[in-house]
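Engineer: One file is attached below, start.txt, containing compact mmCIF, C-alpha atoms.
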```
# COMPACT_ATOMS: atom_id res chain seq x y z
CA MET A 1 0.00 0.00 0.00
CA SER A 2 1.32 3.40 -0.81
CA ILE A 3 0.23 6.74 0.54
CA PRO A 4 0.34 8.35 -2.93
CA HIS A 5 -2.20 5.83 -4.26
CA GLY A 6 -4.34 6.30 -1.17
CA LEU A 7 -4.47 10.06 -1.74
CA LEU A 8 -5.22 9.61 -5.44
CA ALA A 9 -8.12 7.31 -4.50
CA LEU A 10 -9.53 9.92 -2.13
CA LEU A 11 -9.22 12.67 -4.75
CA ARG A 12 -11.42 10.55 -7.04
CA HIS A 13 -14.30 11.89 -4.89
CA GLY A 14 -13.43 15.47 -5.90
CA PRO A 15 -10.89 18.19 -5.09
CA MET A 16 -9.63 18.31 -1.47
CA TYR A 17 -7.02 20.14 0.58
CA GLY A 18 -4.30 18.58 2.75
CA TYR A 19 -6.02 18.39 6.15
CA GLN A 20 -9.17 17.09 4.51
CA LEU A 21 -7.20 14.31 2.79
CA ARG A 22 -5.56 13.31 6.05
CA ALA A 23 -8.92 13.15 7.86
CA GLU A 24 -10.52 11.11 5.05
CA PHE A 25 -7.56 8.72 4.91
CA GLU A 26 -7.67 8.06 8.64
CA HIS A 27 -11.45 7.68 8.58
CA ALA A 28 -11.26 5.06 5.83
CA THR A 29 -8.49 3.08 7.54
CA GLY A 30 -9.86 3.44 11.07
CA SER A 31 -6.68 5.27 12.07
CA THR A 32 -4.71 2.04 11.61
CA TRP A 33 -2.43 4.12 9.43
CA PRO A 34 -1.97 7.53 11.05
CA LEU A 35 -0.53 10.14 8.68
CA ASN A 36 1.17 13.32 9.73
CA ILE A 37 0.29 16.39 7.77
CA GLY A 38 3.91 16.80 6.63
CA GLN A 39 3.69 13.41 4.87
CA VAL A 40 0.46 14.48 3.18
CA TYR A 41 1.95 17.73 1.84
CA SER A 42 5.21 16.17 0.69
CA THR A 43 3.21 13.45 -1.11
CA LEU A 44 0.98 16.08 -2.74
CA THR A 45 4.10 17.95 -3.94
CA ARG A 46 5.45 14.77 -5.54
CA LEU A 47 2.12 13.89 -7.13
CA GLU A 48 1.89 17.42 -8.58
CA ARG A 49 5.49 17.19 -9.88
CA ASP A 50 4.61 13.88 -11.59
CA GLY A 51 1.55 15.43 -13.19
CA LEU A 52 -0.93 13.18 -11.39
CA ILE A 53 -2.73 16.00 -9.57
CA GLU A 54 -3.09 19.74 -10.17
CA PRO A 55 -3.78 22.66 -7.85
CA GLN A 56 -7.21 24.27 -7.96
CA ALA A 57 -8.31 27.74 -7.01
CA THR A 58 -8.01 28.21 -3.23
CA ASP A 59 -11.24 28.01 -1.25
CA ASP A 60 -12.78 30.91 0.73
CA GLU A 61 -10.40 30.27 3.61
CA GLY A 62 -7.36 30.31 1.34
CA ARG A 63 -6.75 26.54 1.45
CA GLN A 64 -5.07 24.98 -1.54
CA ARG A 65 -7.17 22.22 -3.05
CA TYR A 66 -5.95 19.59 -5.49
CA ALA A 67 -7.72 17.59 -8.19
CA LEU A 68 -6.78 14.46 -10.16
CA THR A 69 -5.42 14.93 -13.67
CA ALA A 70 -6.20 12.46 -16.48
CA ALA A 71 -2.78 10.86 -15.82
CA GLY A 72 -3.71 10.59 -12.13
CA VAL A 73 -6.98 8.83 -12.95
CA SER A 74 -5.11 6.43 -15.18
CA THR A 75 -2.40 5.70 -12.55
CA LEU A 76 -5.10 5.08 -9.96
CA GLY A 77 -6.90 2.71 -12.34
CA GLU A 78 -3.69 0.76 -12.89
CA TRP A 79 -3.12 0.49 -9.13
CA PHE A 80 -6.59 -0.91 -8.53
CA ALA A 81 -6.22 -3.33 -11.45
CA LYS A 82 -2.89 -4.75 -10.30
CA PRO A 83 -2.82 -7.43 -7.59
CA VAL A 84 -0.66 -6.75 -4.55
CA THR A 85 2.26 -9.18 -4.68
CA HIS A 86 4.04 -10.59 -1.67
CA ALA A 87 7.24 -8.83 -2.64
CA ASP A 88 5.42 -5.55 -1.98
CA ARG A 89 4.85 -6.49 1.65
CA PRO A 90 7.36 -6.17 4.43
CA ARG A 91 9.07 -9.40 5.44
CA ASP A 92 7.30 -11.11 8.30
CA GLU A 93 9.43 -10.92 11.44
CA LEU A 94 7.48 -13.65 13.18
CA ALA A 95 8.04 -16.20 10.40
CA ILE A 96 11.75 -15.42 10.35
CA LYS A 97 11.95 -15.52 14.15
CA LEU A 98 10.32 -18.95 14.44
CA ALA A 99 12.33 -20.33 11.53
CA LEU A 100 15.54 -19.24 13.23
CA ALA A 101 14.32 -20.38 16.66
CA SER A 102 13.71 -23.89 15.35
CA THR A 103 17.39 -24.19 14.45
CA THR A 104 18.87 -22.32 17.44
CA PRO A 105 20.16 -24.68 20.16
CA GLY A 106 19.01 -24.25 23.75
CA LEU A 107 15.67 -22.62 22.94
CA ASP A 108 12.22 -23.67 24.10
CA VAL A 109 10.49 -23.03 20.77
CA GLN A 110 7.14 -24.18 22.14
CA ALA A 111 7.36 -21.43 24.76
CA ILE A 112 8.02 -18.90 22.00
CA VAL A 113 4.99 -20.18 20.10
CA GLN A 114 2.83 -19.97 23.22
CA THR A 115 4.01 -16.44 24.11
CA GLN A 116 3.13 -15.33 20.59
CA ARG A 117 -0.19 -17.18 20.71
CA VAL A 118 -1.26 -15.31 23.85
CA ALA A 119 -0.18 -11.96 22.37
CA THR A 120 -2.00 -12.62 19.07
CA MET A 121 -5.07 -13.86 20.90
CA ARG A 122 -5.13 -10.66 22.96
CA ARG A 123 -4.92 -8.67 19.74
CA LEU A 124 -7.81 -10.66 18.27
CA GLN A 125 -9.81 -9.98 21.46
CA ASP A 126 -9.15 -6.22 21.12
CA LEU A 127 -10.15 -6.26 17.45
CA THR A 128 -13.29 -8.28 18.25
CA ARG A 129 -14.23 -5.72 20.92
CA LEU A 130 -13.92 -2.96 18.31
CA LYS A 131 -16.16 -5.00 16.03
CA GLN A 132 -18.75 -5.23 18.81
CA GLU A 133 -18.95 -1.48 19.25
CA PRO A 134 -22.42 -0.36 18.30
CA GLY A 135 -23.11 1.99 15.44
CA ASP A 136 -21.35 2.88 12.27
CA VAL A 137 -18.07 4.14 13.75
CA GLY A 138 -15.97 4.28 10.61
CA GLY A 139 -18.34 3.09 7.93
CA LEU A 140 -17.84 0.22 5.52
CA ALA A 141 -14.20 1.06 4.69
CA TRP A 142 -13.12 0.86 8.34
CA SER A 143 -15.21 -2.24 8.93
CA LEU A 144 -13.40 -4.00 6.04
CA VAL A 145 -9.98 -2.92 7.35
CA LEU A 146 -10.97 -4.23 10.79
CA ASP A 147 -12.10 -7.56 9.31
CA HIS A 148 -8.77 -7.81 7.50
CA LEU A 149 -6.92 -7.34 10.79
CA ARG A 150 -9.11 -9.92 12.54
CA PHE A 151 -8.69 -12.50 9.79
CA SER A 152 -4.92 -11.91 9.77
CA ALA A 153 -4.79 -12.51 13.53
CA GLU A 154 -6.89 -15.68 13.11
CA ALA A 155 -4.58 -16.89 10.33
CA GLU A 156 -1.55 -16.22 12.51
CA LEU A 157 -3.08 -18.30 15.32
CA ARG A 158 -3.75 -21.15 12.90
CA TRP A 159 -0.20 -20.94 11.64
CA LEU A 160 1.12 -21.02 15.24
CA ASP A 161 -0.92 -24.19 15.91
CA HIS A 162 0.56 -25.65 12.75
CA CYS A 163 4.12 -24.71 13.81
CA GLU A 164 3.58 -26.29 17.20
CA GLY A 165 2.30 -29.50 15.61
CA ALA A 166 5.27 -29.62 13.25
CA LEU A 167 7.72 -29.00 16.11
CA LEU A 168 6.19 -31.75 18.25
CA LYS A 169 6.25 -34.15 15.31
CA ALA A 170 9.89 -33.32 14.61
CA ALA A 171 10.80 -33.75 18.29
CA SER A 172 9.07 -37.12 18.46
CA ALA A 173 10.78 -38.29 15.22
CA GLU A 174 14.11 -37.20 16.74
CA ARG A 175 13.44 -39.30 19.86
CA THR A 176 12.44 -42.43 17.96
CA ARG A 177 15.16 -42.28 15.29
CA PRO A 178 17.41 -45.37 15.49
CA PRO A 179 21.06 -44.63 16.28
CA VAL A 180 23.18 -44.16 13.15
CA LEU A 181 25.96 -46.73 12.75
CA GLU A 182 29.21 -45.10 11.81
CA ASP A 183 30.06 -47.65 9.13
CA ALA A 184 26.59 -47.76 7.67
CA ALA A 185 26.48 -47.14 3.95
CA ALA A 186 24.68 -44.08 2.70
CA PRO A 187 21.06 -45.00 1.99
CA GLU A 188 20.13 -45.65 -1.61
CA PRO A 189 17.76 -43.04 -2.98
CA THR A 190 14.22 -44.35 -2.87
CA GLU A 191 12.37 -45.00 -6.11
CA GLU A 192 10.28 -41.96 -5.40
CA ARG A 193 13.32 -39.70 -5.15
CA ALA A 194 15.16 -41.32 -8.03
CA ARG A 195 12.29 -40.75 -10.41
CA MET B 1 -18.64 -14.73 44.88
CA ASN B 2 -17.67 -16.47 41.67
CA ALA B 3 -20.26 -18.42 39.70
CA LEU B 4 -17.66 -21.15 39.18
CA ASP B 5 -14.53 -21.94 41.18
CA LEU B 6 -12.19 -24.80 40.42
CA HIS B 7 -9.28 -24.95 42.80
CA GLN B 8 -6.31 -27.32 42.37
CA VAL B 9 -8.50 -29.89 40.64
CA ASP B 10 -7.11 -33.27 39.61
CA ARG B 11 -9.10 -35.77 37.62
CA ILE B 12 -7.43 -39.13 37.21
CA HIS B 13 -9.02 -41.93 35.21
CA GLY B 14 -7.86 -45.47 36.05
CA GLN B 15 -5.21 -46.49 38.55
CA GLY B 16 -1.56 -47.41 38.85
CA ASN B 17 0.35 -47.63 35.59
CA ALA B 18 -2.86 -47.24 33.60
CA ALA B 19 -3.78 -43.95 35.33
CA VAL B 20 -4.54 -41.09 32.97
CA HIS B 21 -4.33 -37.56 34.36
CA ALA B 22 -7.11 -35.70 32.55
CA LEU B 23 -6.65 -32.62 34.76
CA ARG B 24 -3.67 -31.70 36.92
CA GLY B 25 -3.96 -29.05 39.63
CA LEU B 26 -6.31 -26.94 37.52
CA THR B 27 -7.52 -23.66 39.02
CA ILE B 28 -10.10 -21.60 37.11
CA HIS B 29 -12.55 -18.97 38.33
CA VAL B 30 -15.45 -17.52 36.39
CA ALA B 31 -17.10 -14.46 37.95
CA ALA B 32 -20.75 -13.57 37.49
CA GLY B 33 -21.12 -11.72 34.20
CA GLU B 34 -17.83 -13.05 32.88
CA LEU B 35 -17.31 -14.99 29.65
CA VAL B 36 -14.26 -17.25 29.84
CA ALA B 37 -13.15 -19.30 26.84
CA VAL B 38 -11.03 -22.43 27.13
CA MET B 39 -8.82 -23.49 24.23
CA GLY B 40 -6.42 -26.35 23.84
CA PRO B 41 -5.59 -29.30 21.64
CA SER B 42 -7.66 -32.51 21.74
CA GLY B 43 -7.00 -34.41 24.94
CA SER B 44 -5.96 -31.31 26.88
CA GLY B 45 -8.83 -31.74 29.35
CA LYS B 46 -11.46 -29.33 28.00
CA SER B 47 -14.38 -31.78 28.11
CA THR B 48 -13.35 -33.11 31.53
CA LEU B 49 -13.36 -29.52 32.78
CA LEU B 50 -16.91 -28.93 31.50
CA ASN B 51 -18.12 -32.23 32.98
CA LEU B 52 -16.68 -31.36 36.38
CA ALA B 53 -18.04 -27.80 36.28
CA GLY B 54 -21.50 -29.17 35.48
CA GLY B 55 -21.38 -31.84 38.17
CA LEU B 56 -21.54 -34.64 35.56
CA ASP B 57 -18.23 -36.01 36.83
CA ARG B 58 -16.41 -35.82 40.17
CA ALA B 59 -12.89 -34.51 40.80
CA THR B 60 -10.29 -36.96 42.11
CA ALA B 61 -8.84 -34.14 44.23
CA GLY B 62 -9.41 -30.42 44.70
CA SER B 63 -12.49 -28.29 44.95
CA VAL B 64 -15.27 -27.50 42.45
CA LYS B 65 -17.81 -24.88 43.53
CA VAL B 66 -20.84 -23.56 41.67
CA ASP B 67 -22.26 -20.38 43.22
CA GLY B 68 -20.19 -21.13 46.31
CA VAL B 69 -21.58 -24.65 46.75
CA GLU B 70 -18.94 -27.40 46.95
CA LEU B 71 -20.12 -30.05 44.49
CA GLY B 72 -18.11 -32.78 46.23
CA ASP B 73 -20.28 -32.36 49.36
CA LEU B 74 -23.54 -32.94 47.54
CA SER B 75 -25.49 -36.19 47.30
CA PRO B 76 -26.38 -37.33 43.76
CA LYS B 77 -29.90 -36.01 44.30
CA GLU B 78 -28.69 -32.61 45.52
CA LEU B 79 -26.25 -32.45 42.63
CA ALA B 80 -29.01 -33.15 40.10
CA ARG B 81 -31.09 -30.40 41.70
CA LEU B 82 -28.24 -27.90 41.53
CA ARG B 83 -27.66 -28.79 37.88
CA ARG B 84 -31.31 -28.14 37.04
CA HIS B 85 -31.41 -24.84 38.94
CA LYS B 86 -28.05 -23.25 38.37
CA VAL B 87 -26.42 -24.67 35.26
CA GLY B 88 -27.41 -24.41 31.60
CA TYR B 89 -25.75 -26.38 28.82
CA VAL B 90 -25.25 -25.47 25.17
CA PHE B 91 -23.76 -28.17 22.95
CA GLN B 92 -22.63 -28.26 19.36
CA ASP B 93 -25.31 -30.80 18.49
CA LEU B 94 -28.14 -28.71 19.98
CA ASN B 95 -29.95 -31.63 21.66
CA LEU B 96 -33.40 -30.17 21.06
CA ILE B 97 -36.25 -32.66 21.27
CA PRO B 98 -37.62 -32.89 17.72
CA ALA B 99 -41.23 -33.59 18.71
CA LEU B 100 -41.45 -30.49 20.94
CA THR B 101 -41.88 -26.87 19.81
CA ALA B 102 -39.28 -24.23 20.61
CA ALA B 103 -41.27 -23.05 23.64
CA GLU B 104 -41.80 -26.62 24.87
CA ASN B 105 -38.09 -27.37 24.54
CA VAL B 106 -37.25 -24.28 26.56
CA SER B 107 -39.88 -24.84 29.25
CA LEU B 108 -39.05 -28.54 29.65
CA PRO B 109 -36.29 -28.10 32.28
CA LEU B 110 -38.65 -25.98 34.38
CA GLU B 111 -41.51 -28.45 34.09
CA LEU B 112 -39.20 -31.32 35.01
CA ASP B 113 -38.35 -29.26 38.06
CA GLY B 114 -42.02 -29.08 39.08
CA VAL B 115 -42.89 -25.63 37.73
CA ARG B 116 -46.53 -25.60 36.51
CA ARG B 117 -47.17 -25.48 32.82
CA ARG B 118 -48.41 -21.88 32.54
CA PRO B 119 -45.57 -20.13 34.45
CA ALA B 120 -43.08 -22.44 32.72
CA ARG B 121 -44.47 -21.38 29.33
CA ALA B 122 -44.28 -17.70 30.34
CA ALA B 123 -40.64 -18.10 31.41
CA ALA B 124 -39.87 -19.93 28.15
CA GLU B 125 -41.41 -17.14 26.09
CA ALA B 126 -39.39 -14.57 28.03
CA ALA B 127 -36.20 -16.55 27.36
CA LEU B 128 -37.10 -16.89 23.67
CA ALA B 129 -37.75 -13.13 23.51
CA GLU B 130 -34.25 -12.55 24.87
CA VAL B 131 -32.78 -14.50 21.96
CA GLY B 132 -35.08 -12.80 19.46
CA LEU B 133 -37.24 -15.84 18.71
CA VAL B 134 -40.54 -15.21 20.43
CA ASP B 135 -42.35 -15.30 17.07
CA LEU B 136 -41.11 -18.84 16.46
CA ALA B 137 -42.18 -20.19 19.87
CA ASP B 138 -44.57 -22.73 18.34
CA ARG B 139 -42.25 -24.01 15.60
CA LEU B 140 -40.71 -27.45 15.66
CA PRO B 141 -36.89 -27.64 15.48
CA ALA B 142 -37.09 -29.20 11.98
CA ASP B 143 -38.76 -26.02 10.71
CA MET B 144 -35.95 -23.79 11.97
CA SER B 145 -32.44 -23.00 10.68
CA GLY B 146 -29.36 -24.26 12.52
CA GLY B 147 -28.75 -20.78 13.93
CA GLN B 148 -32.35 -20.50 15.16
CA GLN B 149 -32.11 -23.93 16.79
CA GLN B 150 -28.92 -22.91 18.57
CA ARG B 151 -30.67 -19.79 19.84
CA VAL B 152 -33.46 -22.01 21.20
CA ALA B 153 -30.75 -24.10 22.91
CA ILE B 154 -29.33 -20.93 24.48
CA ALA B 155 -32.79 -19.85 25.62
CA ARG B 156 -33.19 -23.30 27.22
CA ALA B 157 -29.80 -22.91 28.91
CA VAL B 158 -30.71 -19.58 30.51
CA VAL B 159 -34.40 -20.15 31.29
CA GLY B 160 -35.27 -19.69 34.96
CA ASP B 161 -32.58 -18.28 37.16
CA ARG B 162 -29.39 -20.01 35.97
CA SER B 163 -26.12 -18.47 37.01
CA LEU B 164 -23.75 -20.55 34.87
CA ILE B 165 -23.78 -21.52 31.19
CA LEU B 166 -21.45 -24.29 30.05
CA ALA B 167 -21.01 -24.15 26.30
CA ASP B 168 -19.22 -26.91 24.39
CA GLU B 169 -18.36 -25.78 20.84
CA PRO B 170 -21.73 -24.01 20.52
CA THR B 171 -20.73 -22.50 17.18
CA GLY B 172 -19.17 -25.67 15.78
CA ALA B 173 -22.02 -26.58 13.43
CA LEU B 174 -22.80 -23.02 12.30
CA ASP B 175 -21.50 -20.80 9.51
CA SER B 176 -19.29 -17.95 10.65
CA GLU B 177 -21.96 -15.24 10.60
CA THR B 178 -24.49 -17.33 12.54
CA GLY B 179 -21.69 -18.36 14.90
CA GLU B 180 -21.02 -14.68 15.51
CA GLN B 181 -24.71 -14.09 16.32
CA VAL B 182 -24.54 -16.91 18.87
CA MET B 183 -21.44 -15.36 20.44
CA ARG B 184 -23.18 -11.98 20.57
CA LEU B 185 -26.07 -13.67 22.36
CA LEU B 186 -23.79 -15.34 24.91
CA ARG B 187 -22.14 -11.96 25.50
CA ASP B 188 -25.56 -10.38 26.07
CA ARG B 189 -26.39 -13.09 28.61
CA CYS B 190 -23.13 -12.35 30.41
CA ALA B 191 -23.94 -8.63 30.39
CA ALA B 192 -27.16 -9.65 32.17
CA GLY B 193 -25.07 -11.31 34.90
CA VAL B 194 -24.76 -14.95 33.81
CA ALA B 195 -21.29 -16.51 33.91
CA THR B 196 -20.26 -18.53 30.86
CA LEU B 197 -17.53 -21.10 30.40
CA LEU B 198 -17.02 -21.69 26.68
CA VAL B 199 -14.94 -24.47 25.15
CA THR B 200 -14.02 -23.83 21.54
CA HIS B 201 -11.43 -24.54 18.85
CA ASP B 202 -12.36 -21.38 17.02
CA ALA B 203 -10.08 -18.44 17.86
CA ALA B 204 -12.49 -15.97 16.25
CA HIS B 205 -15.23 -17.00 18.65
CA ALA B 206 -12.96 -17.39 21.68
CA ALA B 207 -11.95 -13.76 21.05
CA TRP B 208 -15.42 -12.69 22.23
CA ALA B 209 -14.49 -13.82 25.73
CA ASP B 210 -13.20 -11.60 28.55
CA ARG B 211 -10.40 -14.10 29.15
CA ILE B 212 -9.05 -17.07 27.28
CA VAL B 213 -7.47 -19.92 29.22
CA PHE B 214 -5.13 -22.26 27.33
CA LEU B 215 -5.12 -25.87 28.52
CA ARG B 216 -2.36 -28.32 27.83
CA ASP B 217 -2.11 -31.85 29.26
CA GLY B 218 -4.77 -31.05 31.83
CA ALA B 219 -3.18 -27.87 33.17
CA ALA B 220 -3.73 -24.19 32.42
CA VAL B 221 -0.60 -22.92 30.70
CA ASP B 222 -1.72 -19.37 29.98
CA ASP B 223 -4.49 -16.88 30.40
CA THR B 224 -4.97 -13.81 28.22
CA GLY B 225 -6.17 -11.99 31.35
CA ALA B 226 -2.78 -12.43 32.99
CA ARG B 227 -0.05 -9.83 32.56
CA PRO B 228 2.55 -10.81 29.97
CA VAL B 229 5.90 -11.83 31.39
CA ALA B 230 8.73 -10.39 29.31
CA GLU B 231 11.85 -12.40 29.86
CA SER B 232 14.51 -13.93 27.71
CA LEU B 233 13.78 -17.44 26.55
CA LEU B 234 17.44 -18.09 25.78
CA THR B 235 18.81 -20.44 28.38
CA GLY B 236 21.41 -18.76 30.51
CA ALA B 237 20.52 -15.32 29.13
```
Rewrite the coordinates I just gave you, this time as structure tokens.
Structural biologist:
Amino acid sequence: MSIPHGLLALLRHGPMYGYQLRAEFEHATGSTWPLNIGQVYSTLTRLERDGLIEPQATDDEGRQRYALTAAGVSTLGEWFAKPVTHADRPRDELAIKLALASTTPGLDVQAIVQTQRVATMRRLQDLTRLKQEPGDVGGLAWSLVLDHLRFSAEAELRWLDHCEGALLKAASAERTRPPVLEDAAAPEPTEERAR
Amino acid sequence: MNALDLHQVDRIHGQGNAAVHALRGLTIHVAAGELVAVMGPSGSGKSTLLNLAGGLDRATAGSVKVDGVELGDLSPKELARLRRHKVGYVFQDLNLIPALTAAENVSLPLELDGVRRRPARAAAEAALAEVGLVDLADRLPADMSGGQQQRVAIARAVVGDRSLILADEPTGALDSETGEQVMRLLRDRCAAGVATLLVTHDAAHAAWADRIVFLRDGAAVDDTGARPVAESLLTGA
């Protein structure tokens, strides 16, 4: 997700000035992505430089409003049409942490999984409480962002269960593995592997 | 006073080498108005916990109290009476009687307890109104959706003056939206002062609880109500 595309999407509703864009952005994302006004203005400057937006006449209070140009509409259309690929997302610290934990000696990986599970479950509880709040707090846009956060937390919990299962299975295979004889010949590849 | 208190409860099936520890030193409290979810892998002791809390099984050691009453001190007859008065059950497989209407299903526990038909019917209609089903009071379970049947089961669990609901995977057979409605209903019942102990595999539904207790091998290993302990997990660190 990029802030420039977010601002272009908001300007599709009509010309707006900086503070208005910030308020609309935070409303749509339920403040999960707080913007400072400096970011908004520097982004607007870049979008204007790239010809995607253009300044309009100032309003009665002297505020500078911006509108989409034809190039801006087209860029926005391309953004919506293109799927978000995994390479666009930040690397997941948790996945890396557990992967490294599973190979680091002297660690209780199950304890790490459980600590994370409790933290993620607490987050899911908080998000569920927000969902229970009566009334239309942030409208449909916020409700969808909230659902995304809830489903992500649920998916993380499922993945943690899966990790724990895999760790237990690996530990039990380790315990039941017959001792390796030093002079034993290297095993022949199985038919499956050789194919 | 808590609606449910388990203190240092052991439940051991069998003896000697064949002994299986279903619960080990388990302590759980559920206050009036509180919704507590229990999660854990199969065999972690969730069902044993519900059976003990509902007086369907007896602890090998430790104390189980419902509304301050020690279940271990009760005769079978007293225990059955307490179950009828204080405890409501909601199961995954509903357990509604197919030949009875919604209202008759809900009033049945009261009538079995000696309440006369008319006041029992009035209490059943009040309970059905609380779950938004008063218009379907005279329908048979077969003429209702799964979600509606589960709401009837919840009305049956809370009819009269129950202080404790024991729910075993109550959303298990429902689609996610209907499951959410059921959770909302359980939350409403808790807001009205009923204590609920919910066993579930579903994190999304457990997240509706005030606290989530994680069971493993018959013991509570964590509780989302407890403060997180930040310490290094590296040995020797």
Engineer: Give me, as a count of residues only, all polymer residues having an atom no more than 8 Å from region 101-104 of chain B, counting all atoms listed in the file and skipping those fewer than 3 positions away in the same chain.
Structural biologist: 14
Engineer: Listing only residues of chain A within 12 Å of chain B, what is the closest atom pair and its distance in Å (to one decimal) for each, using only C-alpha atoms, sorted by chain and residue number ascending, as a Markdown table?
Structural biologist:
```
| residue | atom | partner | partner_atom | distance |
| --- | --- | --- | --- | --- |
| A:Ala101 | CA | B:Leu234 | CA | 9.9 |
| A:Thr104 | CA | B:Leu234 | CA | 9.5 |
| A:Pro105 | CA | B:Leu234 | CA | 9.1 |
| A:Gly106 | CA | B:Thr235 | CA | 6.0 |
| A:Leu107 | CA | B:Leu234 | CA | 5.6 |
| A:Asp108 | CA | B:Leu233 | CA | 6.9 |
| A:Val109 | CA | B:Leu233 | CA | 8.7 |
| A:Gln110 | CA | B:Leu233 | CA | 10.4 |
| A:Ala111 | CA | B:Leu233 | CA | 7.8 |
| A:Ile112 | CA | B:Leu233 | CA | 7.5 |
| A:Val113 | CA | B:Leu233 | CA | 11.2 |
| A:Gln114 | CA | B:Asp222 | CA | 8.2 |
| A:Thr115 | CA | B:Pro228 | CA | 8.3 |
| A:Gln116 | CA | B:Pro228 | CA | 10.4 |
| A:Arg117 | CA | B:Thr224 | CA | 9.5 |
| A:Val118 | CA | B:Thr224 | CA | 5.9 |
| A:Ala119 | CA | B:Thr224 | CA | 7.8 |
| A:Thr120 | CA | B:Thr224 | CA | 9.7 |
| A:Met121 | CA | B:Ala207 | CA | 6.9 |
| A:Arg122 | CA | B:Thr224 | CA | 6.1 |
| A:Arg123 | CA | B:Ala207 | CA | 8.8 |
| A:Leu124 | CA | B:Ala207 | CA | 5.9 |
| A:Gln125 | CA | B:Ala207 | CA | 4.4 |
| A:Asp126 | CA | B:Ala207 | CA | 8.0 |
| A:Leu127 | CA | B:Ala207 | CA | 8.5 |
| A:Thr128 | CA | B:Ala207 | CA | 6.3 |
| A:Arg129 | CA | B:Trp208 | CA | 7.2 |
| A:Leu130 | CA | B:Trp208 | CA | 10.6 |
| A:Lys131 | CA | B:Trp208 | CA | 9.9 |
| A:Gln132 | CA | B:Arg184 | CA | 8.3 |
| A:Glu133 | CA | B:Arg184 | CA | 11.4 |
| A:Pro134 | CA | B:Arg184 | CA | 11.9 |
| A:Asp147 | CA | B:Ala204 | CA | 10.9 |
| A:Leu149 | CA | B:Ala204 | CA | 11.6 |
| A:Arg150 | CA | B:Ala204 | CA | 7.9 |
| A:Phe151 | CA | B:Ala204 | CA | 8.3 |
| A:Ser152 | CA | B:Ala204 | CA | 10.8 |
| A:Ala153 | CA | B:Ala204 | CA | 8.9 |
| A:Glu154 | CA | B:Ala203 | CA | 6.4 |
| A:Ala155 | CA | B:Ala203 | CA | 9.5 |
| A:Glu156 | CA | B:Ala203 | CA | 10.3 |
| A:Leu157 | CA | B:Ala203 | CA | 7.4 |
| A:Arg158 | CA | B:Ala203 | CA | 8.5 |
| A:Trp159 | CA | B:Ala203 | CA | 11.9 |
| A:Leu160 | CA | B:Ala203 | CA | 11.8 |
| A:Asp161 | CA | B:Pro41 | CA | 9.0 |
| A:His162 | CA | B:Pro41 | CA | 11.4 |
| A:Glu164 | CA | B:Pro41 | CA | 10.6 |
| A:Gly165 | CA | B:Pro41 | CA | 9.9 |
```
Engineer: Which polymer residues, whether protein, DNA or RNA, lie within 12 Å of the coordinate (1.5, 16.5, 4.7) when you count all atoms listed in the file? List them as a PyMOL selection string, using the chain letters and numbers from the file.
Structural biologist: chain A and resi 3-4+7+17-23+25+34-46
Engineer: Can you pull out the residues contacting Ala67 (chain A)? Cut-off 6 Å, using only C-alpha atoms, and skip same-chain residues under 5 positions away; I want them as a list in words.
Structural biologist: Pro15, Ile53 and Glu54 of chain A
Engineer: Between CA of Met39 (chain B) and CA of Thr200 (chain B), what distance in Å does the model show, to one decimal?
Structural biologist: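 Distance between the two atoms: 5.9 Å.
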Engineer: Could you please determine the separation between CA of Gly72 (chain B) and CA of Tyr89 (chain B) in Å, to one decimal place?
Structural biologist: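 Between CA of Gly72 (chain B) and CA of Tyr89 (chain B) the gap is 20.1 Å.
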Engineer: Which residues are near Gly172 (chain B)? Cut-off 12 Å, all atoms listed in the file, ignore same chain within fewer than 5 positions. Put them as a VMD selection string.
Structural biologist: chain B and resid 90 to 94 146 to 147 150 167 177 to 180 182 to 183 198 to 206
Engineer: May I ask for the distance between CA of Lys86 (chain B) and CA of Leu133 (chain B), given in Å to one decimal place?
Structural biologist: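 These atoms are spaced 22.9 Å apart.
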